[in-house]
Amino acid sequence: QVQLVESGGGLVQPGGSLRLSCATSGINLDYYAIGWFRQAPGKEREGGACINVSRRSTYYGASVKDRFTISRDYGKNTVSLQMNALKSDDTADYSCAAGSPLYVCTEVAGVGYEYDYWGQGTQVTVSS
């Protein structure tokens, strides 16, 4: 059974940092791309970042590029999202997802949306 569990969300002041983790089980991260998505109330889901280990590549959405960093934690089956210089616009529910590295997190698809497995999400609130 595939499971993705997010953690690390919380309340942070503008300009601060948070590190989210996506703990996976039931999949081999060597064969899956992992993406981080976010959805704010009243807005569509947005692809933030992804990592494609088989292609040795990462992609970022325009709104988070240069502030967020996605990485794989080898030996822990987790993928982390380091978020720096947070803004109020970053307030959202953040979810991780796993998908085929052939169809998502590619040069053509970017972060993409056709992921197969999703976590439940963790809330990030940026406010003073």
# chains A, B, ... in the order shown; residues from 1 in each chain; ligands from 1
$ residues_around --residues "Val64 of chain A" --least-positions-apart "3" --cutoff "12 Å" --atoms "only C-alpha atoms" --output "list of chain:residue names"
A:Trp36, A:Phe37, A:Arg38, A:Glu46, A:Gly47, A:Gly48, A:Ala49, A:Cys50, A:Tyr59, A:Tyr60, A:Gly61, A:Arg67, A:Phe68, A:Thr69, A:Ile70, A:Leu81, A:Gln82, A:Met83, A:Asn84, A:Ala85, A:Leu86, A:Lys87, A:Asp89, A:Asp90
$ write_last_selection --atoms "N, CA, C and O atoms" --output "compact mmCIF listing (two decimals), in the first residue's frame"
# COMPACT_ATOMS: atom_id res chain seq x y z
N TRP A 36 5.69 18.59 -4.99
CA TRP A 36 5.03 19.33 -3.91
C TRP A 36 4.06 20.31 -4.54
O TRP A 36 4.42 21.07 -5.45
N PHE A 37 2.85 20.31 -4.03
CA PHE A 37 1.80 21.17 -4.54
C PHE A 37 1.23 21.99 -3.39
O PHE A 37 1.37 21.62 -2.22
N ARG A 38 0.57 23.07 -3.73
CA ARG A 38 -0.08 23.85 -2.70
C ARG A 38 -1.41 24.38 -3.23
O ARG A 38 -1.58 24.59 -4.43
N GLU A 46 -1.60 24.48 -7.19
CA GLU A 46 -0.43 24.97 -7.91
C GLU A 46 0.75 24.03 -7.67
O GLU A 46 1.03 23.64 -6.54
N GLY A 47 1.42 23.68 -8.74
CA GLY A 47 2.61 22.86 -8.61
C GLY A 47 3.79 23.71 -8.17
O GLY A 47 4.13 24.66 -8.86
N GLY A 48 4.39 23.35 -7.03
CA GLY A 48 5.47 24.16 -6.52
C GLY A 48 6.84 23.67 -6.94
O GLY A 48 7.67 24.44 -7.43
N ALA A 49 7.08 22.37 -6.75
CA ALA A 49 8.41 21.83 -7.04
C ALA A 49 8.31 20.33 -7.24
O ALA A 49 7.36 19.70 -6.77
N CYS A 50 9.30 19.77 -7.92
CA CYS A 50 9.34 18.31 -8.06
C CYS A 50 10.77 17.86 -8.22
O CYS A 50 11.65 18.64 -8.58
N TYR A 59 12.37 20.65 -10.86
CA TYR A 59 11.67 21.75 -11.51
C TYR A 59 10.92 22.53 -10.45
O TYR A 59 10.46 21.96 -9.45
N TYR A 60 10.77 23.83 -10.70
CA TYR A 60 10.10 24.70 -9.74
C TYR A 60 9.10 25.60 -10.45
O TYR A 60 9.31 26.03 -11.58
N GLY A 61 8.00 25.87 -9.74
CA GLY A 61 7.06 26.84 -10.25
C GLY A 61 7.66 28.24 -10.14
O GLY A 61 8.50 28.49 -9.28
N ARG A 67 13.51 30.40 -4.02
CA ARG A 67 13.21 30.48 -2.58
C ARG A 67 13.01 29.09 -1.97
O ARG A 67 13.32 28.89 -0.80
N PHE A 68 12.49 28.16 -2.76
CA PHE A 68 12.23 26.82 -2.28
C PHE A 68 13.25 25.86 -2.89
O PHE A 68 13.67 26.03 -4.04
N THR A 69 13.60 24.82 -2.12
CA THR A 69 14.51 23.80 -2.62
C THR A 69 13.95 22.43 -2.26
O THR A 69 13.66 22.16 -1.08
N ILE A 70 13.85 21.58 -3.26
CA ILE A 70 13.36 20.22 -3.04
C ILE A 70 14.57 19.29 -3.05
O ILE A 70 15.50 19.46 -3.83
N LEU A 81 11.09 19.73 1.38
CA LEU A 81 10.93 21.01 0.69
C LEU A 81 11.37 22.10 1.65
O LEU A 81 10.67 22.37 2.65
N GLN A 82 12.51 22.67 1.41
CA GLN A 82 13.01 23.78 2.22
C GLN A 82 12.45 25.07 1.65
O GLN A 82 12.67 25.38 0.47
N MET A 83 11.73 25.80 2.48
CA MET A 83 11.07 27.02 2.05
C MET A 83 11.67 28.21 2.79
O MET A 83 11.59 28.27 4.02
N ASN A 84 12.26 29.11 2.06
CA ASN A 84 12.89 30.30 2.64
C ASN A 84 12.20 31.56 2.14
O ASN A 84 11.47 31.54 1.16
N ALA A 85 12.46 32.64 2.83
CA ALA A 85 11.90 33.95 2.45
C ALA A 85 10.40 33.87 2.22
O ALA A 85 9.89 34.35 1.20
N LEU A 86 9.72 33.27 3.17
CA LEU A 86 8.29 33.03 3.00
C LEU A 86 7.51 34.33 3.00
O LEU A 86 7.83 35.30 3.71
N LYS A 87 6.44 34.33 2.19
CA LYS A 87 5.57 35.49 2.05
C LYS A 87 4.15 35.08 2.44
O LYS A 87 3.82 33.90 2.47
N ASP A 89 1.67 35.24 0.63
CA ASP A 89 1.10 34.52 -0.52
C ASP A 89 1.44 33.04 -0.52
O ASP A 89 0.85 32.27 -1.28
N ASP A 90 2.40 32.64 0.29
CA ASP A 90 2.75 31.22 0.37
C ASP A 90 1.81 30.45 1.29
O ASP A 90 1.90 29.22 1.39
$ select_by_dssp --residues "segment 12-80 of chain A" --states "strand (DSSP E)" --output "ChimeraX atom specification"
/A:12,18-25,33-39,46-52,57-60,68-73,78-80
$ residues_around --residues "Thr78 of chain A" --least-positions-apart "3" --cutoff "6 Å" --atoms "only C-alpha atoms" --output "ChimeraX atom specification"
/A:22-24,73
$ residues_around --residues "Glu6 of chain A" --least-positions-apart "4" --cutoff "9 Å" --atoms "only C-alpha atoms" --output "PyMOL selection string"
chain A and resi 20-24+94-96+119-122
$ atom_distance --atom1 "atom CA of Ser71 of chain A" --atom2 "atom CA of Ser128 of chain A"
28.0 Å
$ closest_residue --among "A:Trp118, A:Tyr113, A:Tyr103, A:Tyr32" --to "Val53 of chain A" --atoms "only C-alpha atoms"
A:Tyr32
$ atom_distance --atom1 "atom CA of Tyr31 of chain A" --atom2 "atom CA of Asp93 of chain A"
26.0 Å
$ residues_around --residues "Cys105 of chain A" --least-positions-apart "3" --cutoff "9 Å" --atoms "only C-alpha atoms" --output "list in words"
Ala33, Ile34, Gly35, Ala49, Cys50, Ile51, Asn52, Ser57, Thr58, Tyr59, Gly99, Ser100, Pro101, Leu102, Val108, Ala109, Gly110, Val111, Gly112 and Tyr113 of chain A
$ atom_distance --atom1 "atom CA of Gly42 of chain A" --atom2 "atom CA of Glu107 of chain A"
29.0 Å
$ residues_around --residues "Ile27 of chain A" --least-positions-apart "4" --cutoff "9 Å" --atoms "only C-alpha atoms" --output "ChimeraX atom specification"
/A:1-3,31-32,77,98
$ write_last_selection --atoms "all heavy atoms" --output "mmCIF file, in the first residue's frame"
data_model
loop_
_atom_site.group_PDB
_atom_site.id
_atom_site.type_symbol
_atom_site.label_atom_id
_atom_site.label_comp_id
_atom_site.auth_asym_id
_atom_site.auth_seq_id
_atom_site.Cartn_x
_atom_site.Cartn_y
_atom_site.Cartn_z
ATOM 1 N N GLN A 1 0.851 -1.189 0.000
ATOM 2 C CA GLN A 1 0.000 0.000 0.000
ATOM 3 C C GLN A 1 0.890 1.244 0.000
ATOM 4 O O GLN A 1 1.799 1.379 0.806
ATOM 5 C CB GLN A 1 -0.896 0.006 1.237
ATOM 6 C CG GLN A 1 -1.845 1.192 1.299
ATOM 7 C CD GLN A 1 -2.738 1.147 2.527
ATOM 8 O OE1 GLN A 1 -2.614 0.259 3.367
ATOM 9 N NE2 GLN A 1 -3.616 2.128 2.642
ATOM 10 N N VAL A 2 0.590 2.135 -0.913
ATOM 11 C CA VAL A 2 1.386 3.355 -1.030
ATOM 12 C C VAL A 2 0.839 4.417 -0.075
ATOM 13 O O VAL A 2 -0.362 4.656 -0.017
ATOM 14 C CB VAL A 2 1.353 3.887 -2.464
ATOM 15 C CG1 VAL A 2 2.138 5.188 -2.563
ATOM 16 C CG2 VAL A 2 1.912 2.855 -3.433
ATOM 17 N N GLN A 3 1.739 5.031 0.662
ATOM 18 C CA GLN A 3 1.339 6.124 1.563
ATOM 19 C C GLN A 3 2.335 7.264 1.452
ATOM 20 O O GLN A 3 3.536 7.038 1.370
ATOM 21 C CB GLN A 3 1.266 5.643 3.007
ATOM 22 C CG GLN A 3 0.050 4.809 3.328
ATOM 23 C CD GLN A 3 -0.105 4.562 4.823
ATOM 24 O OE1 GLN A 3 0.865 4.289 5.503
ATOM 25 N NE2 GLN A 3 -1.332 4.679 5.322
ATOM 26 N N TYR A 31 12.241 5.178 -8.645
ATOM 27 C CA TYR A 31 11.389 4.965 -9.808
ATOM 28 C C TYR A 31 10.165 5.869 -9.838
ATOM 29 O O TYR A 31 9.263 5.675 -10.653
ATOM 30 C CB TYR A 31 10.956 3.505 -9.870
ATOM 31 C CG TYR A 31 12.121 2.552 -9.866
ATOM 32 C CD1 TYR A 31 12.305 1.652 -8.825
ATOM 33 C CD2 TYR A 31 13.068 2.575 -10.888
ATOM 34 C CE1 TYR A 31 13.387 0.788 -8.811
ATOM 35 C CE2 TYR A 31 14.146 1.718 -10.877
ATOM 36 C CZ TYR A 31 14.304 0.832 -9.836
ATOM 37 O OH TYR A 31 15.373 -0.012 -9.814
ATOM 38 N N TYR A 32 10.112 6.839 -8.930
ATOM 39 C CA TYR A 32 8.988 7.762 -8.902
ATOM 40 C C TYR A 32 9.488 9.199 -8.827
ATOM 41 O O TYR A 32 10.519 9.487 -8.202
ATOM 42 C CB TYR A 32 8.087 7.494 -7.690
ATOM 43 C CG TYR A 32 7.101 6.384 -7.904
ATOM 44 C CD1 TYR A 32 7.453 5.063 -7.651
ATOM 45 C CD2 TYR A 32 5.821 6.657 -8.383
ATOM 46 C CE1 TYR A 32 6.554 4.046 -7.859
ATOM 47 C CE2 TYR A 32 4.913 5.630 -8.586
ATOM 48 C CZ TYR A 32 5.286 4.329 -8.320
ATOM 49 O OH TYR A 32 4.393 3.333 -8.525
ATOM 50 N N ASN A 77 13.640 7.489 2.740
ATOM 51 C CA ASN A 77 12.452 7.447 1.876
ATOM 52 C C ASN A 77 11.598 8.699 2.007
ATOM 53 O O ASN A 77 10.373 8.621 1.996
ATOM 54 C CB ASN A 77 11.600 6.209 2.179
ATOM 55 C CG ASN A 77 12.284 4.941 1.722
ATOM 56 O OD1 ASN A 77 13.057 4.947 0.781
ATOM 57 N ND2 ASN A 77 11.993 3.847 2.405
ATOM 58 N N ALA A 98 3.254 11.411 -5.734
ATOM 59 C CA ALA A 98 4.195 10.552 -6.441
ATOM 60 C C ALA A 98 3.621 10.173 -7.798
ATOM 61 O O ALA A 98 2.430 9.852 -7.905
ATOM 62 C CB ALA A 98 4.481 9.298 -5.623
#
